[in-house]
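*Asks:* final00.txt is the file, holding compact mmCIF, C-alpha atoms:
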# COMPACT_ATOMS: atom_id res chain seq x y z
CA MET A 1 -8.09 -94.36 -68.95
CA ASP A 2 -11.23 -96.38 -68.45
CA LYS A 3 -10.97 -99.32 -66.15
CA ILE A 4 -10.79 -102.78 -67.69
CA ALA A 5 -14.06 -104.67 -67.23
CA LEU A 6 -13.24 -107.97 -65.52
CA ALA A 7 -15.55 -110.87 -64.76
CA THR A 8 -14.80 -114.15 -63.04
CA THR A 9 -17.04 -117.17 -62.87
CA TRP A 10 -17.03 -120.83 -62.02
CA LEU A 11 -18.72 -123.78 -63.60
CA ASP A 12 -18.00 -127.36 -62.42
CA SER A 13 -15.15 -126.82 -59.95
CA CYS A 14 -14.22 -126.29 -56.32
CA SER A 15 -13.48 -122.51 -56.27
CA GLY A 16 -9.83 -123.20 -55.46
CA CYS A 17 -8.71 -121.12 -58.45
CA HIS A 18 -10.59 -118.14 -57.04
CA MET A 19 -8.81 -118.75 -53.71
CA SER A 20 -5.53 -118.64 -55.61
CA LEU A 21 -6.66 -115.36 -57.21
CA LEU A 22 -7.18 -113.94 -53.73
CA ASP A 23 -3.71 -115.24 -52.84
CA ILE A 24 -2.08 -112.58 -55.00
CA ASP A 25 -2.49 -110.65 -51.72
CA GLU A 26 -1.44 -106.98 -51.78
CA ALA A 27 -1.30 -107.01 -55.57
CA LEU A 28 -5.12 -107.05 -55.38
CA ILE A 29 -4.99 -103.38 -54.35
CA GLY A 30 -3.03 -102.41 -57.45
CA LEU A 31 -5.31 -104.57 -59.55
CA ALA A 32 -8.42 -102.96 -58.10
CA ALA A 33 -7.20 -99.58 -59.32
CA GLN A 34 -7.04 -100.85 -62.90
CA VAL A 35 -10.03 -103.13 -63.21
CA GLU A 36 -13.67 -103.05 -62.43
CA ILE A 37 -14.99 -106.45 -61.42
CA LEU A 38 -18.46 -106.61 -62.95
CA PHE A 39 -19.39 -110.18 -62.18
CA GLY A 40 -18.26 -113.14 -60.13
CA PRO A 41 -18.48 -114.74 -56.71
CA LEU A 42 -16.87 -111.62 -55.25
CA VAL A 43 -19.56 -109.33 -56.67
CA ASP A 44 -23.23 -109.12 -55.80
CA ASN A 45 -24.53 -109.25 -59.34
CA LYS A 46 -26.77 -112.05 -60.55
CA ILE A 47 -26.71 -111.27 -64.25
CA PHE A 48 -23.65 -111.56 -66.45
CA PRO A 49 -22.99 -108.14 -68.03
CA ASP A 50 -23.33 -107.51 -71.77
CA HIS A 51 -19.73 -106.46 -72.43
CA VAL A 52 -16.69 -107.66 -70.51
CA ASP A 53 -13.06 -107.20 -71.50
CA VAL A 54 -11.60 -110.19 -69.68
CA THR A 55 -13.45 -113.17 -68.18
CA LEU A 56 -11.73 -115.80 -66.08
CA VAL A 57 -13.70 -119.04 -66.33
CA GLU A 58 -12.95 -121.55 -63.62
CA GLY A 59 -14.35 -125.06 -63.91
CA ALA A 60 -15.33 -127.60 -66.52
CA VAL A 61 -18.61 -127.81 -68.39
CA GLY A 62 -20.58 -130.43 -66.46
CA SER A 63 -24.25 -129.49 -66.59
CA GLU A 64 -26.82 -128.16 -69.04
CA ALA A 65 -26.62 -124.81 -67.23
CA ASP A 66 -22.83 -124.72 -67.69
CA LYS A 67 -23.31 -125.35 -71.41
CA LYS A 68 -25.79 -122.51 -71.74
CA ASN A 69 -23.71 -120.15 -69.61
CA ILE A 70 -20.40 -120.72 -71.34
CA LEU A 71 -21.92 -119.84 -74.73
CA MET A 72 -23.38 -116.66 -73.30
CA ILE A 73 -20.13 -115.77 -71.50
CA ARG A 74 -18.12 -116.27 -74.69
CA GLU A 75 -20.44 -114.01 -76.61
CA ARG A 76 -20.13 -111.22 -74.07
CA SER A 77 -16.39 -111.47 -73.36
CA ARG A 78 -13.60 -110.02 -75.47
CA ILE A 79 -10.90 -112.23 -73.91
CA LEU A 80 -11.85 -115.54 -72.35
CA VAL A 81 -9.35 -117.21 -70.03
CA SER A 82 -9.61 -120.92 -69.24
CA PHE A 83 -8.77 -120.55 -65.57
CA GLY A 84 -7.31 -123.66 -63.93
CA ASP A 85 -7.19 -127.40 -64.64
CA CYS A 86 -10.94 -128.05 -64.49
CA ALA A 87 -11.55 -125.52 -67.26
CA VAL A 88 -8.50 -126.69 -69.23
CA THR A 89 -8.68 -130.49 -68.80
CA ALA A 90 -11.95 -131.29 -66.94
CA ASN A 91 -9.64 -132.49 -64.15
CA VAL A 92 -11.32 -133.90 -61.03
CA PRO A 93 -14.94 -133.27 -62.14
CA GLY A 94 -14.06 -135.31 -65.24
CA MET A 95 -13.31 -138.32 -63.07
CA ARG A 96 -17.03 -139.14 -63.09
CA ASN A 97 -16.93 -139.53 -66.87
CA ARG A 98 -16.34 -143.26 -66.74
CA HIS A 99 -19.62 -143.77 -64.85
CA ALA A 100 -23.22 -143.22 -65.89
CA VAL A 101 -24.80 -140.06 -64.44
CA ALA A 102 -27.50 -142.11 -62.66
CA ASP A 103 -24.81 -144.20 -60.94
CA VAL A 104 -22.88 -141.10 -59.87
CA LEU A 105 -25.98 -139.52 -58.36
CA ALA A 106 -27.08 -142.74 -56.69
CA ARG A 107 -23.63 -143.10 -55.13
CA ALA A 108 -23.54 -139.52 -53.85
CA TYR A 109 -27.11 -138.98 -52.72
CA ILE A 110 -28.56 -142.42 -51.98
CA GLU A 111 -25.84 -144.97 -51.16
CA ASN A 112 -23.74 -142.53 -49.15
CA ALA A 113 -26.65 -140.69 -47.55
CA ASP A 114 -27.06 -140.78 -43.79
CA PRO A 115 -30.23 -142.84 -43.22
CA ALA A 116 -30.87 -141.00 -39.96
CA ALA A 117 -30.88 -137.55 -41.54
CA PRO A 118 -34.34 -136.13 -42.23
CA LEU A 119 -35.05 -135.27 -45.85
CA SER A 120 -37.12 -132.20 -46.64
CA CYS A 121 -38.71 -133.75 -49.72
CA GLY A 122 -40.23 -136.55 -47.67
CA ALA A 123 -38.13 -139.25 -49.32
CA GLN A 124 -36.20 -141.76 -47.31
CA ALA A 125 -32.44 -141.83 -47.55
CA GLY A 126 -31.00 -145.01 -48.98
CA LYS A 127 -33.94 -145.51 -51.29
CA GLY A 128 -35.48 -143.99 -54.38
CA SER A 129 -34.04 -142.27 -57.41
CA ILE A 130 -32.77 -138.82 -58.25
CA GLU A 131 -34.79 -136.59 -60.51
CA PHE A 132 -33.73 -133.24 -61.85
CA GLN A 133 -36.37 -130.70 -60.89
CA VAL A 134 -34.76 -127.45 -59.82
CA VAL A 135 -31.06 -128.15 -60.26
CA PRO A 136 -29.79 -128.33 -63.85
CA ALA A 137 -29.31 -131.81 -65.35
CA LEU A 138 -25.78 -133.15 -65.45
CA CYS A 139 -24.22 -133.84 -68.85
CA SER A 140 -23.20 -137.41 -69.50
CA LYS A 141 -19.55 -136.25 -69.70
CA VAL A 142 -17.75 -133.36 -68.04
CA ARG A 143 -15.64 -131.64 -70.68
CA PRO A 144 -13.12 -128.78 -70.86
CA VAL A 145 -14.29 -125.29 -71.79
CA HIS A 146 -12.45 -125.14 -75.12
CA GLU A 147 -14.46 -128.09 -76.43
CA PHE A 148 -17.49 -125.76 -76.41
CA VAL A 149 -16.19 -122.26 -77.19
CA PRO A 150 -12.93 -120.72 -78.45
CA VAL A 151 -10.58 -119.86 -75.58
CA ASP A 152 -8.01 -117.06 -75.82
CA VAL A 153 -5.65 -117.90 -72.96
CA PHE A 154 -5.08 -121.18 -71.11
CA LEU A 155 -3.97 -121.10 -67.49
CA PRO A 156 -3.52 -124.68 -66.26
CA GLY A 157 -2.88 -125.56 -62.63
CA CYS A 158 -4.82 -126.99 -59.70
CA PRO A 159 -4.90 -124.26 -58.71
CA PRO A 160 -2.71 -122.04 -60.90
CA PRO A 161 -0.07 -120.42 -58.66
CA PRO A 162 -0.90 -116.83 -57.61
CA GLU A 163 2.25 -115.58 -59.38
CA ALA A 164 1.00 -117.04 -62.67
CA ILE A 165 -2.43 -115.44 -62.19
CA LEU A 166 -0.88 -112.05 -61.43
CA TYR A 167 1.43 -112.34 -64.44
CA LEU A 168 -1.50 -113.24 -66.69
CA LEU A 169 -3.62 -110.32 -65.49
CA SER A 170 -0.69 -107.87 -65.68
CA GLU A 171 0.07 -108.88 -69.25
CA LEU A 172 -3.58 -108.61 -70.28
CA LEU A 173 -3.86 -105.19 -68.61
CA ALA A 174 -0.78 -104.05 -70.52
CA GLY A 175 -2.48 -105.13 -73.74
CA ARG A 176 -0.10 -108.02 -74.33
CA SER A 177 -0.87 -111.64 -75.00
CA PRO A 178 0.56 -113.55 -72.02
CA ASP A 179 3.02 -116.38 -72.64
CA MET A 180 2.31 -118.80 -69.81
CA SER A 181 5.01 -121.31 -70.70
CA GLY A 182 7.04 -122.42 -67.69
CA LYS A 183 4.87 -120.46 -65.24
CA THR A 184 2.37 -123.16 -64.41
CA ARG A 185 1.53 -126.74 -65.33
CA PHE A 186 -1.23 -129.33 -65.19
CA GLY A 187 -1.80 -130.25 -61.55
CA ALA A 188 0.37 -127.38 -60.24
CA MET B 1 27.40 -145.47 -73.52
CA LYS B 2 25.20 -148.14 -74.96
CA ASP B 3 26.05 -150.63 -77.61
CA HIS B 4 23.28 -151.49 -80.04
CA SER B 5 25.14 -153.96 -82.20
CA ARG B 6 24.56 -157.67 -81.94
CA THR B 7 28.24 -158.33 -81.31
CA ASN B 8 30.34 -156.74 -78.63
CA VAL B 9 33.70 -157.82 -79.95
CA ARG B 10 35.81 -155.07 -81.43
CA SER B 11 38.88 -156.11 -83.41
CA ASP B 12 40.71 -155.30 -86.61
CA LEU B 13 38.45 -157.80 -88.32
CA ASN B 14 35.34 -156.24 -86.85
CA PRO B 15 36.06 -152.55 -86.45
CA SER B 16 33.54 -149.97 -85.36
CA ARG B 17 33.43 -147.37 -88.08
CA LEU B 18 33.66 -143.72 -87.22
CA LEU B 19 31.61 -141.31 -89.24
CA THR B 20 30.78 -137.63 -89.30
CA PHE B 21 27.41 -136.04 -89.83
CA ARG B 22 25.52 -132.89 -88.86
CA ILE B 23 23.01 -132.22 -86.10
CA ASP B 24 21.36 -128.79 -86.20
CA ASP B 25 24.13 -127.45 -88.48
CA ARG B 26 26.85 -128.67 -86.14
CA ASP B 27 29.49 -131.15 -87.26
CA VAL B 28 29.53 -134.19 -85.00
CA SER B 29 31.36 -137.49 -85.07
CA ALA B 30 30.01 -140.84 -83.96
CA HIS B 31 30.55 -144.55 -83.91
CA GLU B 32 28.22 -146.20 -86.40
CA ASN B 33 26.50 -148.09 -83.58
CA GLU B 34 25.60 -144.97 -81.59
CA SER B 35 22.07 -143.69 -82.05
CA ILE B 36 21.35 -140.14 -83.13
CA LEU B 37 19.98 -139.56 -79.62
CA THR B 38 23.23 -140.72 -78.01
CA VAL B 39 25.34 -138.53 -80.26
CA ALA B 40 23.06 -135.52 -79.72
CA ARG B 41 23.35 -135.89 -75.95
CA GLN B 42 27.14 -136.26 -76.16
CA ASN B 43 27.14 -132.90 -77.92
CA GLY B 44 24.81 -131.15 -75.50
CA ILE B 45 21.85 -131.11 -77.88
CA THR B 46 18.61 -131.82 -76.05
CA ILE B 47 16.00 -134.04 -77.66
CA PRO B 48 12.93 -134.74 -75.49
CA THR B 49 12.32 -138.41 -74.62
CA LEU B 50 9.82 -140.40 -72.59
CA CYS B 51 10.26 -144.15 -73.15
CA HIS B 52 14.07 -143.92 -73.29
CA LEU B 53 15.90 -144.62 -70.05
CA ASP B 54 19.64 -144.87 -69.66
CA GLY B 55 20.45 -148.47 -68.77
CA LEU B 56 17.55 -150.07 -70.66
CA SER B 57 17.30 -151.17 -74.26
CA GLU B 58 15.67 -148.75 -76.69
CA ARG B 59 12.05 -149.31 -77.61
CA GLY B 60 11.10 -146.40 -79.88
CA ALA B 61 7.65 -146.50 -78.30
CA CYS B 62 6.81 -142.90 -77.46
CA ARG B 63 8.04 -141.18 -80.63
CA LEU B 64 8.81 -137.95 -78.74
CA CYS B 65 12.43 -138.02 -79.92
CA ILE B 66 11.47 -137.80 -83.60
CA VAL B 67 13.85 -135.76 -85.71
CA GLU B 68 13.91 -134.55 -89.27
CA ILE B 69 16.57 -135.97 -91.60
CA LYS B 70 17.26 -134.17 -94.86
CA GLY B 71 16.26 -136.26 -97.84
CA ILE B 72 13.91 -138.49 -95.84
CA ASN B 73 10.27 -137.53 -95.77
CA LYS B 74 9.40 -139.46 -92.62
CA LEU B 75 10.26 -138.20 -89.17
CA LEU B 76 12.44 -140.79 -87.44
CA PRO B 77 12.88 -141.55 -83.73
CA ALA B 78 16.42 -140.52 -82.71
CA CYS B 79 16.70 -143.30 -80.12
CA VAL B 80 16.55 -146.12 -82.67
CA THR B 81 17.94 -144.37 -85.75
CA PHE B 82 21.65 -144.60 -86.50
CA PRO B 83 23.66 -141.98 -88.30
CA ARG B 84 25.07 -142.29 -91.80
CA GLN B 85 28.03 -140.41 -93.17
CA ASP B 86 27.10 -136.79 -94.06
CA MET B 87 23.52 -137.18 -92.79
CA GLU B 88 21.84 -133.89 -91.84
CA VAL B 89 19.65 -134.10 -88.74
CA ILE B 90 17.34 -131.33 -87.55
CA THR B 91 16.11 -131.79 -83.99
CA ALA B 92 13.78 -128.85 -83.40
CA SER B 93 12.15 -127.67 -86.63
CA GLU B 94 8.64 -126.28 -86.49
CA ARG B 95 7.36 -129.52 -88.02
CA VAL B 96 9.11 -131.74 -85.46
CA VAL B 97 8.07 -129.65 -82.48
CA GLY B 98 4.49 -129.54 -83.78
CA TYR B 99 4.33 -133.33 -83.97
CA ARG B 100 5.93 -133.76 -80.55
CA LYS B 101 3.19 -131.59 -79.06
CA LYS B 102 0.50 -133.60 -80.83
CA ILE B 103 2.01 -136.87 -79.56
CA LEU B 104 2.01 -135.54 -76.02
CA GLU B 105 -1.55 -134.26 -76.31
CA LEU B 106 -2.72 -137.63 -77.63
CA LEU B 107 -1.03 -139.35 -74.69
CA PHE B 108 -3.07 -137.14 -72.37
CA THR B 109 -6.33 -137.96 -74.17
CA GLU B 110 -5.78 -141.73 -74.22
CA ARG B 111 -5.82 -142.25 -70.45
CA ASN B 112 -7.16 -140.43 -67.41
CA HIS B 113 -4.14 -138.45 -66.27
CA VAL B 114 -5.67 -136.30 -63.57
CA CYS B 115 -2.45 -134.62 -62.47
CA ALA B 116 -4.02 -132.83 -59.52
CA VAL B 117 -4.78 -136.09 -57.69
CA CYS B 118 -1.80 -138.17 -58.82
CA VAL B 119 0.82 -139.70 -56.55
CA SER B 120 3.47 -138.46 -58.98
CA ASN B 121 2.21 -134.85 -59.28
CA GLY B 122 5.29 -132.65 -59.46
CA HIS B 123 7.63 -135.58 -60.12
CA CYS B 124 6.19 -136.82 -63.40
CA GLU B 125 8.02 -137.01 -66.70
CA LEU B 126 4.79 -136.62 -68.69
CA GLN B 127 3.84 -133.51 -66.73
CA ASN B 128 7.35 -132.07 -67.14
CA LEU B 129 7.30 -132.72 -70.87
CA ALA B 130 4.05 -130.74 -71.17
CA VAL B 131 5.81 -127.78 -69.56
CA GLU B 132 8.95 -128.26 -71.63
CA LEU B 133 7.06 -128.43 -74.93
CA GLY B 134 4.63 -125.65 -73.98
CA VAL B 135 1.50 -127.80 -73.99
CA SER B 136 -0.98 -125.64 -72.06
CA HIS B 137 -4.07 -127.54 -73.19
CA VAL B 138 -5.07 -130.55 -75.23
CA ARG B 139 -6.68 -129.87 -78.60
CA TYR B 140 -8.17 -133.34 -79.04
CA PRO B 141 -11.24 -134.74 -77.27
CA TYR B 142 -10.39 -136.75 -74.17
CA LEU B 143 -11.42 -140.39 -74.44
CA TYR B 144 -12.06 -141.06 -70.72
CA PRO B 145 -11.50 -144.83 -71.00
CA HIS B 146 -12.65 -147.27 -68.32
CA LEU B 147 -9.45 -148.58 -66.79
CA ALA B 148 -8.75 -150.53 -63.66
CA VAL B 149 -6.38 -150.08 -60.74
CA ASP B 150 -4.68 -153.28 -59.56
CA ALA B 151 -3.73 -152.94 -55.90
CA SER B 152 -3.50 -156.66 -55.22
CA HIS B 153 0.27 -156.56 -54.61
CA SER B 154 1.19 -156.08 -50.97
CA ARG B 155 3.60 -153.17 -51.60
CA PHE B 156 2.85 -151.70 -55.03
CA SER B 157 -0.09 -150.78 -57.21
CA VAL B 158 -0.63 -150.23 -60.92
CA ASP B 159 -3.03 -147.54 -62.13
CA HIS B 160 -3.64 -148.07 -65.83
CA ASN B 161 -5.27 -144.64 -66.00
CA ARG B 162 -1.81 -143.10 -65.83
CA CYS B 163 0.16 -145.49 -68.02
CA VAL B 164 1.81 -144.13 -71.19
CA LEU B 165 2.87 -147.57 -72.49
CA CYS B 166 6.57 -146.66 -72.48
CA LEU B 167 7.26 -150.28 -71.47
CA ARG B 168 10.11 -149.33 -69.15
CA CYS B 169 8.57 -151.70 -66.57
CA VAL B 170 8.57 -154.55 -69.09
CA ARG B 171 12.17 -153.89 -70.06
CA VAL B 172 13.58 -153.42 -66.56
CA CYS B 173 11.83 -156.56 -65.31
CA ASP B 174 13.17 -158.64 -68.17
CA GLU B 175 16.59 -157.11 -68.76
CA ILE B 176 17.70 -156.18 -65.26
CA GLU B 177 15.70 -158.26 -62.80
CA GLY B 178 15.40 -161.21 -65.16
CA ALA B 179 11.89 -162.05 -64.02
CA HIS B 180 9.83 -160.90 -67.03
CA THR B 181 6.73 -160.55 -64.92
CA TRP B 182 5.56 -157.57 -66.97
CA ASP B 183 4.44 -157.76 -70.56
CA ILE B 184 1.93 -156.09 -72.82
CA MET B 185 -1.38 -157.25 -74.22
CA GLY B 186 -3.76 -155.93 -76.85
CA ARG B 187 -3.06 -153.69 -79.79
CA GLY B 188 -2.87 -149.96 -80.39
CA ILE B 189 -4.94 -147.80 -78.13
CA THR B 190 -6.29 -150.80 -76.19
CA SER B 191 -2.82 -152.07 -75.26
CA GLN B 192 -2.22 -152.57 -71.57
CA VAL B 193 0.72 -153.68 -69.45
CA ILE B 194 0.05 -156.95 -67.65
CA THR B 195 1.66 -159.07 -64.95
CA ASP B 196 2.15 -162.75 -65.84
CA LEU B 197 -0.70 -163.83 -68.13
CA ASN B 198 -2.91 -160.89 -67.17
CA GLN B 199 -3.30 -162.10 -63.61
CA PRO B 200 -3.54 -159.84 -60.57
CA TRP B 201 -0.08 -158.54 -59.65
CA GLY B 202 -0.46 -159.83 -56.11
CA SER B 203 -0.93 -163.40 -57.33
CA SER B 204 2.03 -163.29 -59.71
CA GLU B 205 4.37 -166.24 -59.23
CA THR B 206 7.21 -164.61 -61.16
CA CYS B 207 7.30 -161.18 -59.45
CA THR B 208 10.18 -160.95 -57.02
CA GLY B 209 8.82 -157.78 -55.42
CA CYS B 210 12.04 -155.89 -56.24
CA GLY B 211 10.18 -152.70 -57.19
CA LYS B 212 12.45 -151.77 -60.11
CA CYS B 213 9.41 -151.32 -62.36
CA VAL B 214 7.96 -148.80 -59.92
CA GLN B 215 11.17 -146.78 -59.81
CA VAL B 216 11.58 -146.55 -63.61
CA CYS B 217 7.93 -145.73 -64.37
CA PRO B 218 7.83 -142.13 -65.69
CA THR B 219 4.34 -141.35 -64.38
CA GLY B 220 2.14 -142.35 -61.46
CA ALA B 221 1.07 -145.59 -63.17
CA LEU B 222 3.28 -147.70 -60.91
CA SER B 223 3.61 -146.54 -57.33
CA GLU B 224 4.42 -147.66 -53.83
CA LYS B 225 1.43 -148.19 -51.59
CA GLY B 226 0.92 -145.63 -48.85
CA LYS B 227 1.99 -142.70 -51.02
CA SER B 228 -0.52 -139.88 -51.35
CA VAL B 229 -0.81 -137.06 -53.90
CA ALA B 230 2.61 -135.76 -55.03
CA GLU B 231 4.45 -138.05 -52.58
CA MET B 232 5.78 -140.64 -55.02
CA ILE B 233 9.34 -139.71 -55.89
CA LYS B 234 11.04 -142.27 -58.11
CA ARG B 235 14.67 -143.27 -57.57
CA ARG B 236 16.22 -144.24 -60.89
CA GLN B 237 19.88 -143.81 -59.93
CA PHE B 238 20.28 -147.53 -59.30
CA LEU B 239 19.99 -148.47 -62.93
CA PRO B 240 23.28 -147.33 -64.53
CA TYR B 241 25.23 -148.54 -61.48
CA LEU B 242 23.60 -151.93 -61.56
CA GLN B 243 24.46 -152.20 -65.24
CA MET B 244 28.04 -151.15 -64.65
CA MET B 245 28.57 -153.55 -61.77
CA ARG B 246 27.23 -156.45 -63.75
CA GLY B 247 29.49 -155.52 -66.64
CA ARG B 248 26.61 -156.20 -68.92
CA GLN B 249 26.89 -154.63 -72.33
CA ASP B 250 24.14 -155.97 -74.45
CA THR B 251 20.74 -154.88 -73.17
CA SER B 252 18.77 -155.85 -76.23
CA TRP B 253 15.27 -156.87 -75.25
CA THR B 254 14.11 -158.09 -78.62
CA LYS B 255 16.78 -160.65 -79.42
Using structure tokens, write down the structure from this file.
*Replies:*
Amino acid sequence: MDKIALATTWLDSCSGCHMSLLDIDEALIGLAAQVEILFGPLVDNKIFPDHVDVTLVEGAVGSEADKKNILMIRERSRILVSFGDCAVTANVPGMRNRHAVADVLARAYIENADPAAPLSCGAQAGKGSIEFQVVPALCSKVRPVHEFVPVDVFLPGCPPPPEAILYLLSELLAGRSPDMSGKTRFGA
Amino acid sequence: MKDHSRTNVRSDLNPSRLLTFRIDDRDVSAHENESILTVARQNGITIPTLCHLDGLSERGACRLCIVEIKGINKLLPACVTFPRQDMEVITASERVVGYRKKILELLFTERNHVCAVCVSNGHCELQNLAVELGVSHVRYPYLYPHLAVDASHSRFSVDHNRCVLCLRCVRVCDEIEGAHTWDIMGRGITSQVITDLNQPWGSSETCTGCGKCVQVCPTGALSEKGKSVAEMIKRRQFLPYLQMMRGRQDTSWTK
């Protein structure tokens, strides 16, 4: 039997869900025998592959790049899993939604900056404004993945418990549609 | 057992009628002044609730206890609906369960319930209901409203981002503590619980600082200061005992 093509990725999130994935511990060995991980933070591959069987998407859609990527990922994935609370509810990244993007950036990079720290761009901390040049522009609101593309399986939790992740992957590998009820919850 | 009638006197001149009806194809008997919810619970039939709390008057605010009644097109809240002879109640039809899920999802969209960073994470009735009803995601767009946190009280704080408007705080403060510090302002989606005439909680002249509102709050909206994520465990056990010891029967808030 061919191995299942698996991809994992993160958008606007903290990578905690991926840590929880690693926390399935020795089950990773059994998993590795059945899947081929084509893309993700654990793989040195910069380009999302054309055809993936299962993609775990961690994180909410918070930037223009996230928007573009999630559409592309949906197109190339047979089964898309909303992996963790940020993907499912926008969670903590969504807490900036009640503020204007300019205010959020000013707070993070100007007001809270260490005035003594040297800045490579020649600007002075505590002054100036933020412009998007290289990094993708932030959307005005951080929103859950399923508001942009259809999602096949929802796995809430911050992070989802390793047991729930293992159950989800085992069910998908067995060709079944996983029933996640009672196995995890918002904020788990 | 609660008494919803206006009069507490039972006599030959004012008898409480017994009647029989059906819940989920089971024959049950009830006093006419017992709600469908009460009778269901007496018979081990579970109907999910959020605003209901044993020891407080019923409010019918959350609508999670809606049931189907044969011959009536509307879904009716079991906590404030009283049985009739030969009534047929269905508590978990596809239609009812579907609406309960929608109600819960709308509650999540209306405020900023970020469970992961909530003092009540793991001890929250809203969170538990989502698990119970199988709500794994919310199908409606989140509204992300701008809402304040009032931490002006020396021991407690109110986070309107997590309030579900069950009004347990309003009821317990009025009916049990007798202070009526809490009330509600606004209409519909913009409603908000307030202390006194929408003054900071810390400057309230009516609040006795008893903390009953905090203990009955189903979510992390009301909490004790100094509690971090998942540390706020509510203690509701006091309520039925307090009621019993006071020998108070009529808990009607609206009279």
*Asks:* Using all atoms listed in the file, find the residues of chain B whose closest atom to chain A is at most 12 Å away, then write them as an mmCIF file with C-alpha atoms, keeping the file's coordinate frame.
*Replies:*
data_model
loop_
_atom_site.group_PDB
_atom_site.id
_atom_site.type_symbol
_atom_site.label_atom_id
_atom_site.label_comp_id
_atom_site.auth_asym_id
_atom_site.auth_seq_id
_atom_site.Cartn_x
_atom_site.Cartn_y
_atom_site.Cartn_z
ATOM 1 C CA GLU B 105 -1.550 -134.260 -76.310
ATOM 2 C CA PHE B 108 -3.070 -137.140 -72.370
ATOM 3 C CA THR B 109 -6.330 -137.960 -74.170
ATOM 4 C CA ARG B 111 -5.820 -142.250 -70.450
ATOM 5 C CA ASN B 112 -7.160 -140.430 -67.410
ATOM 6 C CA HIS B 113 -4.140 -138.450 -66.270
ATOM 7 C CA VAL B 114 -5.670 -136.300 -63.570
ATOM 8 C CA CYS B 115 -2.450 -134.620 -62.470
ATOM 9 C CA ALA B 116 -4.020 -132.830 -59.520
ATOM 10 C CA VAL B 117 -4.780 -136.090 -57.690
ATOM 11 C CA CYS B 118 -1.800 -138.170 -58.820
ATOM 12 C CA VAL B 119 0.820 -139.700 -56.550
ATOM 13 C CA SER B 120 3.470 -138.460 -58.980
ATOM 14 C CA ASN B 121 2.210 -134.850 -59.280
ATOM 15 C CA GLY B 122 5.290 -132.650 -59.460
ATOM 16 C CA HIS B 123 7.630 -135.580 -60.120
ATOM 17 C CA CYS B 124 6.190 -136.820 -63.400
ATOM 18 C CA LEU B 126 4.790 -136.620 -68.690
ATOM 19 C CA GLN B 127 3.840 -133.510 -66.730
ATOM 20 C CA ASN B 128 7.350 -132.070 -67.140
ATOM 21 C CA LEU B 129 7.300 -132.720 -70.870
ATOM 22 C CA ALA B 130 4.050 -130.740 -71.170
ATOM 23 C CA VAL B 131 5.810 -127.780 -69.560
ATOM 24 C CA GLU B 132 8.950 -128.260 -71.630
ATOM 25 C CA LEU B 133 7.060 -128.430 -74.930
ATOM 26 C CA GLY B 134 4.630 -125.650 -73.980
ATOM 27 C CA VAL B 135 1.500 -127.800 -73.990
ATOM 28 C CA SER B 136 -0.980 -125.640 -72.060
ATOM 29 C CA HIS B 137 -4.070 -127.540 -73.190
ATOM 30 C CA VAL B 138 -5.070 -130.550 -75.230
ATOM 31 C CA ARG B 139 -6.680 -129.870 -78.600
ATOM 32 C CA TYR B 140 -8.170 -133.340 -79.040
ATOM 33 C CA PRO B 141 -11.240 -134.740 -77.270
ATOM 34 C CA TYR B 142 -10.390 -136.750 -74.170
ATOM 35 C CA LEU B 143 -11.420 -140.390 -74.440
ATOM 36 C CA TYR B 144 -12.060 -141.060 -70.720
ATOM 37 C CA PRO B 145 -11.500 -144.830 -71.000
ATOM 38 C CA HIS B 146 -12.650 -147.270 -68.320
ATOM 39 C CA LEU B 147 -9.450 -148.580 -66.790
ATOM 40 C CA ALA B 148 -8.750 -150.530 -63.660
ATOM 41 C CA ASN B 161 -5.270 -144.640 -66.000
ATOM 42 C CA VAL B 229 -0.810 -137.060 -53.900
ATOM 43 C CA ALA B 230 2.610 -135.760 -55.030
#
*Asks:* Write out as a PyMOL selection string each polymer residue whose atoms come within 9 Å of range 61-64 of chain B, counting only C-alpha atoms; drop sequence neighbours fewer than 2 positions from it.
*Replies:* chain B and resi 47-52+58-59+66-67+76-79+99-101+103-104+164-167
*Asks:* So which residues touch Pro178 in chain A within 9 Å, counting only C-alpha atoms, skipping near sequence neighbours fewer than 6 positions away, as a VMD selection string?
*Replies:* chain A and resid 153 167 to 172
*Asks:* Which residues, written as a PyMOL selection string, have at least one atom at most 8 Å from range 190-194 of chain B, with all atoms listed in the file counted and residues fewer than 6 positions away on the same chain left out?
*Replies:* chain B and resi 160+165+167+170+182-184
*Asks:* I'd like the interatomic distance between CA of Gly98 in chain B and CA of Ala40 in chain B, to a tenth of an Å.
*Replies:*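 About the pair CA of Gly98 in chain B and CA of Ala40 in chain B: they are 19.9 Å apart.
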*Asks:* When you draw a straight line from CA of Leu106 in chain B to CA of Ile189 in chain B, how long is it in Å?
*Replies:*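 Separation of CA of Leu106 in chain B and CA of Ile189 in chain B: 10.4 Å.
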*Asks:* CA of Cys163 in chain B and CA of Gly178 in chain B, how far apart in Å?
*Replies:*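 Answer for the CA of Gly178 in chain B to CA of Cys163 in chain B separation: 22.1 Å.
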*Asks:* Find the axis-aligned box for range 23-29 of chain B, covering all its listed atoms and adding 3 Å on each side, and write its centre and edge lengths in Å to one decimal as JSON.
*Replies:*
{"center_x": 26.4, "center_y": -132.5, "center_z": -86.7, "size_x": 16.0, "size_y": 16.0, "size_z": 9.5}
*Asks:* Write out as a list in words each polymer residue whose atoms come within 12 Å of Tyr241 in chain B, counting all atoms listed in the file; drop sequence neighbours fewer than 4 positions from it.
*Replies:*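 My reading of the contact set: Asp54, Gly55, Ile176, Arg236, Gln237, Met245, Arg246, Gly247 and Arg248 of chain B.
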